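run-v2.txt, holding compact mmCIF, C-alpha atoms:
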```
# COMPACT_ATOMS: atom_id res chain seq x y z
CA MET A 1 9.40 -13.07 -10.41
CA LYS A 2 11.55 -13.98 -7.38
CA ASP A 3 10.45 -12.89 -3.92
CA THR A 4 13.91 -11.38 -3.43
CA ALA A 5 13.58 -9.03 -6.43
CA LYS A 6 14.59 -5.42 -5.78
CA GLU A 7 12.26 -2.40 -6.18
CA ALA A 8 13.29 -1.50 -9.74
CA THR A 9 12.86 -5.11 -10.90
CA LYS A 10 9.44 -5.41 -9.27
CA LEU A 11 8.20 -2.30 -11.08
CA ILE A 12 9.18 -3.83 -14.43
CA HIS A 13 7.98 -7.39 -13.92
CA SER A 14 5.07 -7.18 -11.46
CA PHE A 15 1.93 -8.99 -12.66
CA ARG A 16 3.17 -9.33 -16.24
CA ASP A 17 2.38 -12.61 -17.95
CA PRO A 18 3.23 -12.48 -21.67
CA SER A 19 2.64 -16.24 -21.95
CA LYS A 20 -1.10 -15.65 -21.41
CA GLN A 21 -1.15 -12.71 -23.83
CA SER A 22 0.22 -14.35 -26.98
CA GLY A 23 3.66 -13.11 -26.02
CA VAL A 24 2.59 -9.45 -25.73
CA VAL A 25 4.89 -7.66 -23.26
CA ASN A 26 2.37 -5.22 -21.78
CA THR A 27 -0.99 -5.95 -20.19
CA PRO A 28 -3.54 -5.31 -22.95
CA LEU A 29 -6.10 -2.52 -22.81
CA TYR A 30 -9.45 -4.07 -21.89
CA GLN A 31 -11.80 -1.22 -22.76
CA SER A 32 -15.28 -2.30 -21.73
CA SER A 33 -18.45 -1.46 -19.84
CA THR A 34 -20.59 -4.61 -20.20
CA ILE A 35 -19.34 -7.98 -18.97
CA ILE A 36 -21.18 -11.06 -20.28
CA PHE A 37 -21.88 -14.02 -17.97
CA ASP A 38 -22.37 -17.43 -19.55
CA LYS A 39 -24.11 -18.95 -16.55
CA TYR A 40 -26.86 -17.61 -14.30
CA LYS A 41 -24.95 -18.86 -11.27
CA ASP A 42 -21.89 -16.81 -12.31
CA LEU A 43 -24.06 -13.69 -12.39
CA LEU A 44 -25.52 -14.48 -8.96
CA ASP A 45 -22.04 -14.97 -7.51
CA LYS A 46 -20.95 -11.53 -8.70
CA GLU A 47 -24.12 -9.94 -7.30
CA THR A 48 -23.33 -11.19 -3.77
CA GLU A 49 -21.34 -8.31 -2.29
CA ASN A 50 -20.26 -10.21 0.80
CA GLN A 51 -18.26 -12.64 -1.31
CA ILE A 52 -14.96 -10.87 -0.79
CA ALA A 53 -13.16 -12.96 -3.38
CA ASN A 54 -15.32 -11.37 -6.08
CA ILE A 55 -14.71 -7.74 -5.12
CA ALA A 56 -11.95 -7.12 -7.65
CA LYS A 57 -13.20 -9.38 -10.42
CA LEU A 58 -15.01 -8.63 -13.63
CA LYS A 59 -18.62 -7.64 -13.06
CA TYR A 60 -19.28 -4.25 -14.64
CA GLY A 61 -17.02 -1.62 -16.18
CA ARG A 62 -17.44 0.76 -13.24
CA TYR A 63 -15.69 -1.74 -10.97
CA GLY A 64 -12.71 -2.09 -13.29
CA SER A 65 -11.24 -4.27 -16.00
CA LYS A 66 -8.29 -6.65 -16.15
CA THR A 67 -6.14 -3.64 -17.02
CA ASN A 68 -7.30 -1.83 -13.87
CA PHE A 69 -6.72 -4.89 -11.72
CA THR A 70 -3.16 -5.30 -13.01
CA LEU A 71 -2.36 -1.72 -12.01
CA GLU A 72 -4.01 -2.15 -8.61
CA ASN A 73 -2.02 -5.31 -7.92
CA SER A 74 1.21 -3.65 -9.02
CA ILE A 75 0.66 -0.61 -6.77
CA ALA A 76 -0.29 -2.81 -3.80
CA GLN A 77 2.89 -4.81 -4.27
CA MET A 78 4.99 -1.65 -4.50
CA GLU A 79 3.54 -0.38 -1.21
CA ASN A 80 3.67 -3.85 0.41
CA GLY A 81 -0.05 -3.59 1.16
CA PHE A 82 -2.92 -6.07 1.08
CA GLY A 83 -4.69 -4.44 -1.85
CA ALA A 84 -5.09 -1.22 -3.83
CA ILE A 85 -8.04 0.62 -5.33
CA ILE A 86 -7.50 3.07 -8.18
CA THR A 87 -9.74 6.11 -8.45
CA SER A 88 -10.37 9.06 -10.75
CA CYS A 89 -7.71 11.31 -9.15
CA GLY A 90 -5.72 11.81 -5.96
CA MET A 91 -8.46 13.94 -4.46
CA SER A 92 -11.09 11.25 -5.03
CA ALA A 93 -8.76 8.73 -3.38
CA ILE A 94 -8.51 10.99 -0.32
CA SER A 95 -12.26 11.65 -0.06
CA THR A 96 -13.14 7.97 -0.60
CA ALA A 97 -10.76 6.90 2.15
CA ILE A 98 -11.96 9.52 4.64
CA LEU A 99 -15.65 8.84 4.00
CA SER A 100 -15.08 5.13 4.64
CA TYR A 101 -14.37 5.73 8.32
CA ILE A 102 -16.54 8.57 9.57
CA ASN A 103 -20.11 8.92 10.76
CA GLN A 104 -22.27 11.84 11.80
CA GLY A 105 -20.83 13.61 14.85
CA ASP A 106 -17.33 12.15 14.58
CA HIS A 107 -14.07 14.02 15.06
CA ILE A 108 -10.95 13.78 12.88
CA LEU A 109 -7.37 15.06 13.12
CA VAL A 110 -5.73 16.64 10.07
CA SER A 111 -2.18 17.93 9.66
CA ASP A 112 -2.12 21.69 9.15
CA ASN A 113 0.05 21.36 6.05
CA CYS A 114 -2.41 19.13 4.23
CA TYR A 115 -3.39 19.47 0.58
CA TYR A 116 -5.65 22.55 0.54
CA PRO A 117 -8.80 20.87 -0.95
CA ILE A 118 -8.97 18.69 2.18
CA ARG A 119 -9.85 21.84 4.09
CA GLN A 120 -12.68 22.38 1.63
CA ILE A 121 -13.96 18.85 2.23
CA ALA A 122 -13.93 19.56 5.95
CA SER A 123 -15.59 22.99 5.88
CA LYS A 124 -18.00 22.61 2.96
CA PHE A 125 -18.96 18.93 3.20
CA LEU A 126 -18.09 17.16 6.46
CA ALA A 127 -19.31 20.08 8.57
CA LYS A 128 -22.84 19.54 7.19
CA PHE A 129 -22.90 16.17 8.95
CA GLY A 130 -21.54 17.40 12.24
CA VAL A 131 -18.03 16.06 11.65
CA THR A 132 -15.48 18.30 13.38
CA VAL A 133 -11.83 18.75 12.45
CA THR A 134 -8.80 19.66 14.56
CA TYR A 135 -5.72 20.75 12.63
CA PHE A 136 -2.32 20.07 14.16
CA ASP A 137 1.30 21.08 13.64
CA ASN A 138 3.14 18.39 11.67
CA ASP A 139 5.93 18.56 14.30
CA ILE A 140 3.61 17.34 17.03
CA ALA A 141 4.96 13.76 17.32
CA SER A 142 3.64 11.92 20.42
CA ASP A 143 1.94 15.07 21.71
CA ILE A 144 -0.87 14.20 19.31
CA GLU A 145 -2.36 12.38 22.30
CA LYS A 146 -3.42 15.75 23.77
CA LEU A 147 -5.75 16.35 20.80
CA ILE A 148 -7.57 13.03 20.85
CA GLN A 149 -11.24 13.18 21.80
CA LYS A 150 -13.70 10.42 22.69
CA ASN A 151 -15.19 10.59 19.17
CA THR A 152 -11.89 10.85 17.22
CA LYS A 153 -12.09 8.29 14.41
CA LEU A 154 -9.15 9.00 12.13
CA ILE A 155 -6.03 11.02 11.56
CA PHE A 156 -4.96 12.36 8.17
CA LEU A 157 -1.27 13.02 7.58
CA GLU A 158 0.79 14.36 4.71
CA SER A 159 4.55 13.96 4.88
CA PRO A 160 6.35 15.84 3.52
CA GLY A 161 3.66 18.47 3.89
CA SER A 162 2.03 20.20 0.97
CA GLN A 163 3.97 23.21 -0.36
CA THR A 164 6.39 23.58 2.57
CA PHE A 165 7.56 19.95 2.84
CA GLU A 166 7.77 19.36 6.60
CA ILE A 167 8.52 15.78 7.62
CA ALA A 168 6.36 14.27 10.38
CA ASP A 169 7.56 11.68 12.87
CA ILE A 170 5.04 9.15 11.60
CA LYS A 171 6.01 6.34 13.93
CA ALA A 172 5.68 8.53 17.04
CA ILE A 173 2.25 9.70 15.92
CA THR A 174 0.90 6.27 14.92
CA GLU A 175 2.09 4.65 18.14
CA VAL A 176 -0.40 6.95 19.88
CA THR A 177 -3.25 6.57 17.38
CA GLN A 178 -2.97 2.78 17.47
CA LYS A 179 -3.31 2.92 21.25
CA TYR A 180 -6.71 4.64 20.79
CA ASN A 181 -7.75 2.52 17.78
CA ILE A 182 -7.76 5.56 15.47
CA LYS A 183 -7.31 4.87 11.76
CA SER A 184 -4.35 6.60 10.14
CA ILE A 185 -4.35 7.82 6.52
CA LEU A 186 -1.18 9.15 4.90
CA ASP A 187 -0.83 11.05 1.65
CA ASN A 188 2.37 9.36 0.48
CA SER A 189 2.45 10.95 -2.99
CA TRP A 190 5.80 12.72 -2.57
CA SER A 191 7.61 9.39 -2.18
CA SER A 192 5.36 7.65 -4.75
CA GLY A 193 5.32 4.63 -2.45
CA ILE A 194 8.98 3.95 -3.22
CA TYR A 195 10.96 6.14 -0.84
CA PHE A 196 8.70 5.85 2.21
CA LYS A 197 7.00 2.61 3.23
CA SER A 198 3.74 3.52 4.92
CA PHE A 199 2.90 0.19 6.46
CA GLU A 200 6.33 -0.33 7.97
CA ASN A 201 5.61 2.89 9.86
CA ASN A 202 2.23 1.74 11.22
CA ILE A 203 0.04 3.63 8.74
CA ASP A 204 -3.29 1.92 7.98
CA ILE A 205 -4.16 3.54 4.63
CA SER A 206 -1.71 5.01 2.09
CA ILE A 207 -2.84 7.47 -0.59
CA LEU A 208 -0.96 8.07 -3.84
CA ALA A 209 -1.71 10.73 -6.43
CA ALA A 210 -0.67 8.44 -9.27
CA THR A 211 -1.21 11.41 -11.59
CA LYS A 212 2.26 12.51 -10.49
CA TYR A 213 5.37 10.33 -10.77
CA ILE A 214 3.68 6.96 -11.17
CA ASN A 215 2.11 7.98 -14.48
CA GLY A 216 4.83 10.55 -15.05
CA HIS A 217 3.73 11.92 -18.42
CA SER A 218 1.25 14.67 -17.42
CA ASP A 219 -1.59 13.09 -19.38
CA VAL A 220 -3.65 11.08 -16.85
CA MET A 221 -5.65 11.89 -13.71
CA ILE A 222 -5.56 8.94 -11.31
CA GLY A 223 -5.40 8.21 -7.58
CA ALA A 224 -4.73 5.10 -5.54
CA ILE A 225 -5.78 3.91 -2.09
CA ILE A 226 -3.68 1.13 -0.59
CA ALA A 227 -4.86 -0.76 2.48
CA LYS A 228 -2.59 -2.53 4.92
CA ASN A 229 -5.03 -5.35 5.65
CA GLU A 230 -8.03 -7.13 4.17
CA GLU A 231 -10.59 -5.61 6.55
CA ASP A 232 -9.69 -2.04 5.60
CA TYR A 233 -9.50 -2.94 1.92
CA ASN A 234 -13.03 -4.35 1.97
CA LYS A 235 -14.39 -1.36 3.89
CA ILE A 236 -12.91 1.18 1.47
CA HIS A 237 -13.87 -0.85 -1.58
CA ALA A 238 -17.51 -0.77 -0.44
CA THR A 239 -17.37 3.06 -0.31
CA TYR A 240 -15.59 3.17 -3.66
CA ARG A 241 -18.34 1.12 -5.31
CA ILE A 242 -21.05 3.40 -3.88
CA LEU A 243 -19.33 6.66 -4.86
CA GLY A 244 -18.41 5.48 -8.34
CA THR A 245 -14.96 7.11 -8.31
CA SER A 246 -13.58 4.64 -10.85
CA ILE A 247 -11.33 5.33 -13.83
CA ALA A 248 -11.44 4.21 -17.44
CA PRO A 249 -9.20 1.27 -18.40
CA PHE A 250 -7.25 3.50 -20.79
CA SER A 251 -6.05 5.63 -17.85
CA ALA A 252 -4.92 2.46 -16.07
CA PHE A 253 -3.16 1.30 -19.23
CA MET A 254 -1.27 4.60 -19.55
CA THR A 255 -0.31 4.56 -15.88
CA LEU A 256 1.00 0.99 -16.12
CA ARG A 257 3.22 2.16 -18.96
CA GLY A 258 4.57 5.05 -16.89
CA MET A 259 5.11 2.88 -13.83
CA LYS A 260 7.74 0.80 -15.61
CA THR A 261 10.14 3.76 -15.67
CA LEU A 262 9.12 5.23 -12.30
CA ASN A 263 12.26 4.22 -10.43
CA ILE A 264 14.78 5.64 -12.89
CA ARG A 265 12.78 8.83 -13.54
CA MET A 266 12.56 9.62 -9.84
CA LYS A 267 16.27 9.01 -9.32
CA GLU A 268 17.18 11.29 -12.20
CA THR A 269 14.86 14.13 -11.23
CA ALA A 270 15.95 13.96 -7.57
CA LYS A 271 19.60 14.20 -8.59
CA SER A 272 18.90 17.36 -10.60
CA ALA A 273 16.58 18.79 -7.93
CA LEU A 274 19.19 18.52 -5.19
CA LYS A 275 21.82 20.29 -7.32
CA ILE A 276 19.41 23.08 -8.24
CA ALA A 277 18.13 23.45 -4.66
CA LYS A 278 21.70 23.80 -3.35
CA TRP A 279 22.47 26.38 -6.03
CA LEU A 280 19.30 28.37 -5.30
CA GLU A 281 20.30 28.63 -1.62
CA THR A 282 23.32 30.70 -2.71
CA LEU A 283 21.35 33.31 -4.67
CA PRO A 284 20.53 36.71 -3.12
CA GLN A 285 16.94 36.66 -4.40
CA ILE A 286 16.20 33.43 -2.45
CA SER A 287 15.83 33.56 1.33
CA LYS A 288 14.85 29.91 1.88
CA VAL A 289 14.51 26.58 0.07
CA PHE A 290 12.02 24.06 1.45
CA TYR A 291 13.52 20.68 0.55
CA PRO A 292 14.19 17.95 3.15
CA ALA A 293 17.00 16.43 1.06
CA LEU A 294 19.10 19.54 1.76
CA GLU A 295 21.48 19.17 4.70
CA SER A 296 20.53 22.69 5.76
CA ASN A 297 16.85 21.75 6.04
CA LYS A 298 15.31 21.46 9.50
CA TYR A 299 13.86 18.05 8.66
CA HIS A 300 16.90 16.56 6.94
CA ASP A 301 17.79 14.13 9.75
CA ILE A 302 14.31 12.65 10.06
CA TRP A 303 14.03 12.50 6.26
CA LYS A 304 17.32 10.58 6.12
CA ARG A 305 16.08 8.24 8.85
CA ASP A 306 12.70 7.44 7.31
CA PHE A 307 13.12 7.93 3.55
CA SER A 308 15.33 6.14 1.05
CA GLY A 309 15.20 8.92 -1.54
CA ALA A 310 13.62 12.22 -2.53
CA ALA A 311 11.16 13.54 -5.06
CA GLY A 312 12.16 16.32 -7.44
CA ILE A 313 9.75 18.91 -6.07
CA PHE A 314 10.47 21.64 -3.54
CA SER A 315 9.55 25.26 -2.78
CA ILE A 316 11.42 28.53 -2.59
CA GLN A 317 10.85 31.66 -0.55
CA LEU A 318 11.97 34.87 -2.23
CA ASP A 319 13.80 37.60 -0.35
CA LYS A 320 10.70 39.77 0.06
CA LYS A 321 7.02 40.16 -0.80
CA TYR A 322 6.98 41.19 -4.46
CA SER A 323 4.12 42.86 -6.31
CA ILE A 324 2.20 41.16 -9.12
CA GLU A 325 3.96 43.42 -11.62
CA GLU A 326 7.40 42.49 -10.28
CA LEU A 327 6.62 38.78 -10.20
CA SER A 328 5.26 38.93 -13.74
CA LYS A 329 8.70 39.95 -14.99
CA PHE A 330 10.09 36.79 -13.42
CA TYR A 331 7.44 34.21 -14.30
CA ASP A 332 6.45 35.46 -17.74
CA ASN A 333 9.98 35.25 -19.12
CA LEU A 334 10.84 31.69 -18.13
CA ASN A 335 11.39 29.38 -21.12
CA TYR A 336 11.55 25.89 -19.63
CA PHE A 337 9.57 26.25 -16.42
CA GLY A 338 5.89 26.27 -17.32
CA MET A 339 3.37 27.70 -14.88
CA GLY A 340 0.87 24.97 -14.13
CA TYR A 341 -0.64 22.76 -11.48
CA SER A 342 0.38 19.20 -10.67
CA TRP A 343 3.94 17.88 -10.62
CA GLY A 344 5.91 14.66 -11.15
CA GLY A 345 5.85 14.83 -14.93
CA TYR A 346 8.83 14.88 -17.26
CA GLU A 347 8.71 18.67 -17.69
CA SER A 348 9.77 21.34 -15.21
CA LEU A 349 7.07 23.50 -13.63
CA ILE A 350 6.88 26.51 -11.36
CA LEU A 351 3.80 27.61 -9.42
CA PRO A 352 3.43 30.77 -7.32
CA PHE A 353 1.45 30.10 -4.14
CA SER A 354 0.32 31.71 -0.91
CA LEU A 355 -0.26 30.17 2.52
CA ASP A 356 -3.21 32.49 3.21
CA GLY A 357 -6.11 30.19 4.10
CA ALA A 358 -3.93 27.12 3.63
CA ARG A 359 -2.54 27.23 7.19
CA THR A 360 -4.29 27.98 10.44
CA ILE A 361 -2.32 26.99 13.53
CA THR A 362 1.14 27.14 11.90
CA LYS A 363 0.74 30.25 9.75
CA ASP A 364 2.99 32.34 12.03
CA LYS A 365 5.90 29.98 11.39
CA TYR A 366 6.30 31.36 7.86
CA GLU A 367 7.47 34.79 6.77
CA ASP A 368 5.26 37.02 4.65
CA LYS A 369 7.33 36.71 1.49
CA SER A 370 6.64 35.53 -2.06
CA LEU A 371 6.63 31.75 -2.47
CA ALA A 372 6.87 29.38 -5.41
CA ARG A 373 6.80 25.61 -5.83
CA ILE A 374 9.25 24.11 -8.32
CA ASN A 375 9.00 20.73 -10.02
CA ILE A 376 12.28 19.67 -11.60
CA GLY A 377 11.77 17.64 -14.75
CA LEU A 378 14.10 15.68 -16.98
CA GLU A 379 15.56 18.57 -18.96
CA ASP A 380 19.29 19.31 -18.94
CA ILE A 381 20.21 20.82 -15.59
CA ASP A 382 22.33 23.59 -17.12
CA ASP A 383 19.37 24.80 -19.19
CA LEU A 384 17.14 24.84 -16.12
CA LYS A 385 19.66 26.79 -14.02
CA GLU A 386 20.18 29.32 -16.79
CA ASP A 387 16.43 29.76 -17.16
CA LEU A 388 15.91 30.44 -13.44
CA GLU A 389 18.95 32.69 -13.26
CA GLU A 390 17.76 34.88 -16.10
CA GLY A 391 14.29 35.14 -14.58
CA LEU A 392 15.55 35.97 -11.09
CA LYS A 393 17.70 38.79 -12.42
CA SER A 394 14.49 40.74 -12.99
CA LEU A 395 13.78 40.72 -9.22
CA LYS A 396 15.70 43.75 -7.99
```
Serialized structure, structure tokens:
Amino acid sequence: MKDTAKEATKLIHSFRDPSKQSGVVNTPLYQSSTIIFDKYKDLLDKETENQIANIAKLKYGRYGSKTNFTLENSIAQMENGFGAIITSCGMSAISTAILSYINQGDHILVSDNCYYPIRQIASKFLAKFGVTVTYFDNDIASDIEKLIQKNTKLIFLESPGSQTFEIADIKAITEVTQKYNIKSILDNSWSSGIYFKSFENNIDISILAATKYINGHSDVMIGAIIAKNEEDYNKIHATYRILGTSIAPFSAFMTLRGMKTLNIRMKETAKSALKIAKWLETLPQISKVFYPALESNKYHDIWKRDFSGAAGIFSIQLDKKYSIEELSKFYDNLNYFGMGYSWGGYESLILPFSLDGARTITKDKYEDKSLARINIGLEDIDDLKEDLEEGLKSLK
């Protein structure tokens, strides 16, 4: 493959070598646990952990197979990083990355709009070891410097933010954290590593919930950690090996299959999402749509500056706080929007949510009204609009 190949071409042709696979187009599924070594010296070489060249090579099934390595290489290339590590889910990717950089008594910074389970890691796990957390408003930009302490070791960002999709000024924030030698970790799942380039914006570690768009078929749990440089890759890989957060080769095989159509699926779902989001803004039952691709959105300009495209997921705020009985009339009668967790698959989803407990310092910025997250799939847009319209009519 040429070095000048565009994104869509790279996704199709990265690390494929049919000539070494009897002409087979796809990387085969290497389903294995035990790896046999012909020579004693080969076994000794693989047992020496400080031989960095052997980190991502065949040793034991828990460390991966050739199928896993092909996916890791493909994801690293997509993100323009040094190397990638695939894990059992997006959450395991986040916890593995965080645990690689903290020690007892350290302090970390976390964006207030982070994925909710990160708060649980902080309060139920990290707190046991004296690790303290300061949450910050995603709009903080260079003022992040005011929150840095002598023992601050890392900053965790999510942009756009979970559920409410605020865009952070990543470059302004990382210019400060680099000055203090603080590691930066970004949950880049919304862009899938295509529409926002973490390392061009001074991020050290990029996290992808590959369960979402990268796999794209709602049938695999998988996460990815991508490191900007070799030192960080080796550090995280050591933690990964200890924690055992690996995935089976079959999951890697399925994700490689989905990755080939990632570019076109995201373009199609974003096109539909923008049309539906604009339409929803006009309806009386909707008071706000949280989607940075909308020109009316507060973060549209910074999104346009930093991103080359949009995901097909956004949230809506209804016109008031509805009761469970009232909301049931809406949600229970939808035909094409299934109620379920996750997003980025081929099917449309809707998920009621609340910010109670999920926000601390920015909670007052949001009105006390009913909220829902919408994932736009690949169905016909007219069917999706009709489905939502019929459901919303029940909210009087």
Spatial neighbours of Ala372 of chain A, 7 Å, only C-alpha atoms, chain gap at least 5 places, as a compact mmCIF listing (two decimals) with C-alpha atoms, keeping the file's coordinate frame:
```txt
# COMPACT_ATOMS: atom_id res chain seq x y z
CA SER A 315 9.55 25.26 -2.78
CA ILE A 316 11.42 28.53 -2.59
CA GLN A 317 10.85 31.66 -0.55
CA ILE A 350 6.88 26.51 -11.36
CA LEU A 351 3.80 27.61 -9.42
CA PRO A 352 3.43 30.77 -7.32
CA PHE A 353 1.45 30.10 -4.14
```
Between segment 179-267 of chain A and segment 106-118 of chain A, at 10 Å or less, what are the per-residue closest atom pairs and their distances in Å? Count all atoms listed in the file, order by chain and rising residue number, and return it as a Markdown table.
```
| residue | atom | partner | partner_atom | distance |
| --- | --- | --- | --- | --- |
| A:Ile182 | CA | A:Ile108 | CA | 9.2 |
| A:Lys183 | CA | A:Ile108 | CA | 9.7 |
| A:Ser184 | CA | A:Leu109 | CA | 9.5 |
| A:Ile185 | CA | A:Val110 | CA | 9.6 |
| A:Asp187 | CA | A:Cys114 | CA | 8.6 |
```
* Residue nearest Arg62 of chain A among A:Thr152, A:Asn297, A:Thr9, A:Ser246 (counting only C-alpha atoms) -> A:Ser246
* Asked: Using all atoms listed in the file, which of A:Ile247, A:Arg257, A:Ile86, A:Ile140 sits nearest Val25 of chain A?
  -> A:Arg257
* To do: Pick out the closest residue to Thr27 of chain A from this set: A:Ser14, A:Thr67, A:Ser370, A:Gln178. Count only C-alpha atoms.
  =>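 Residue with the minimum atom-to-atom distance to Thr27 of chain A: A:Thr67.
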* Non-local contacts of segment 263-279 of chain A (9 Å; all atoms listed in the file; under 2 positions in same chain excluded) as number ranges by chain -> A: 7-8, 11, 194, 213, 216, 259-261, 281-283, 289-291, 293-294, 309-316, 344, 346, 375-381, 384-385
* Structure fact -> Students should find that atom CA of Ser32 of chain A and atom CA of Gly61 of chain A are spaced 5.9 Å
Enclose all atoms of segment 271-274 of chain A listed in the file in an axis-aligned box, grow every side by 3 Å, and hand back centre and edge lengths in Å to one decimal, as JSON.
```
{"center_x": 18.1, "center_y": 16.5, "center_z": -7.9, "size_x": 9.0, "size_y": 10.6, "size_z": 11.4}
```
* Pairwise distance for atom CA of Thr134 of chain A and atom CA of Ala93 of chain A, rounded to one decimal in Å ->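 About the pair atom CA of Thr134 of chain A and atom CA of Ala93 of chain A: they are 21.0 Å apart.
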* Interatomic distance between atom CA of Ala127 of chain A and atom CA of Ile361 of chain A? -> 19.0 Å
* From the set A:Leu44, A:Ser100, A:Leu157, A:Leu186, which residue has the shortest atom-to-atom contact distance to Tyr135 of chain A, counting all atoms listed in the file? ->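 The shortest atom-to-atom distance to Tyr135 of chain A comes from A:Leu157.
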* For His217 of chain A, please output as an MDAnalysis selection string all residues within 9 Å (counting all atoms listed in the file; exclusion window: fewer than 4 positions along the same chain). => chainID A and resid 211:213 254:255 258 344:347
Hey, could you patch up segment 120-133 of chain A with N, CA and C atoms and hand it over as a tab-separated table (two decimals), in the frame of the given file?
```tsv
chain	number	residue	atom	x	y	z
A	120	GLN	N	-11.37	22.13	2.24
A	120	GLN	CA	-12.68	22.38	1.63
A	120	GLN	C	-13.64	21.23	1.90
A	121	ILE	N	-13.13	20.01	1.87
A	121	ILE	CA	-13.96	18.85	2.23
A	121	ILE	C	-14.47	19.02	3.66
A	122	ALA	N	-13.57	19.43	4.54
A	122	ALA	CA	-13.93	19.56	5.95
A	122	ALA	C	-14.96	20.66	6.17
A	123	SER	N	-14.73	21.84	5.59
A	123	SER	CA	-15.59	22.99	5.88
A	123	SER	C	-16.89	23.01	5.07
A	124	LYS	N	-16.84	22.51	3.83
A	124	LYS	CA	-18.00	22.61	2.96
A	124	LYS	C	-18.81	21.30	2.85
A	125	PHE	N	-18.26	20.21	3.34
A	125	PHE	CA	-18.96	18.93	3.20
A	125	PHE	C	-19.12	18.22	4.54
A	126	LEU	N	-18.01	17.92	5.20
A	126	LEU	CA	-18.09	17.16	6.46
A	126	LEU	C	-18.83	17.94	7.54
A	127	ALA	N	-18.65	19.25	7.54
A	127	ALA	CA	-19.31	20.08	8.57
A	127	ALA	C	-20.83	19.95	8.51
A	128	LYS	N	-21.39	19.69	7.34
A	128	LYS	CA	-22.84	19.54	7.19
A	128	LYS	C	-23.37	18.36	7.99
A	129	PHE	N	-22.49	17.39	8.25
A	129	PHE	CA	-22.90	16.17	8.95
A	129	PHE	C	-22.37	16.14	10.38
A	130	GLY	N	-21.97	17.31	10.85
A	130	GLY	CA	-21.54	17.40	12.24
A	130	GLY	C	-20.18	16.80	12.51
A	131	VAL	N	-19.38	16.58	11.47
A	131	VAL	CA	-18.03	16.06	11.65
A	131	VAL	C	-17.09	17.24	11.91
A	132	THR	N	-16.38	17.20	13.02
A	132	THR	CA	-15.48	18.30	13.38
A	132	THR	C	-14.03	17.92	13.08
A	133	VAL	N	-13.22	18.95	12.82
A	133	VAL	CA	-11.83	18.75	12.45
A	133	VAL	C	-10.92	19.57	13.35
```
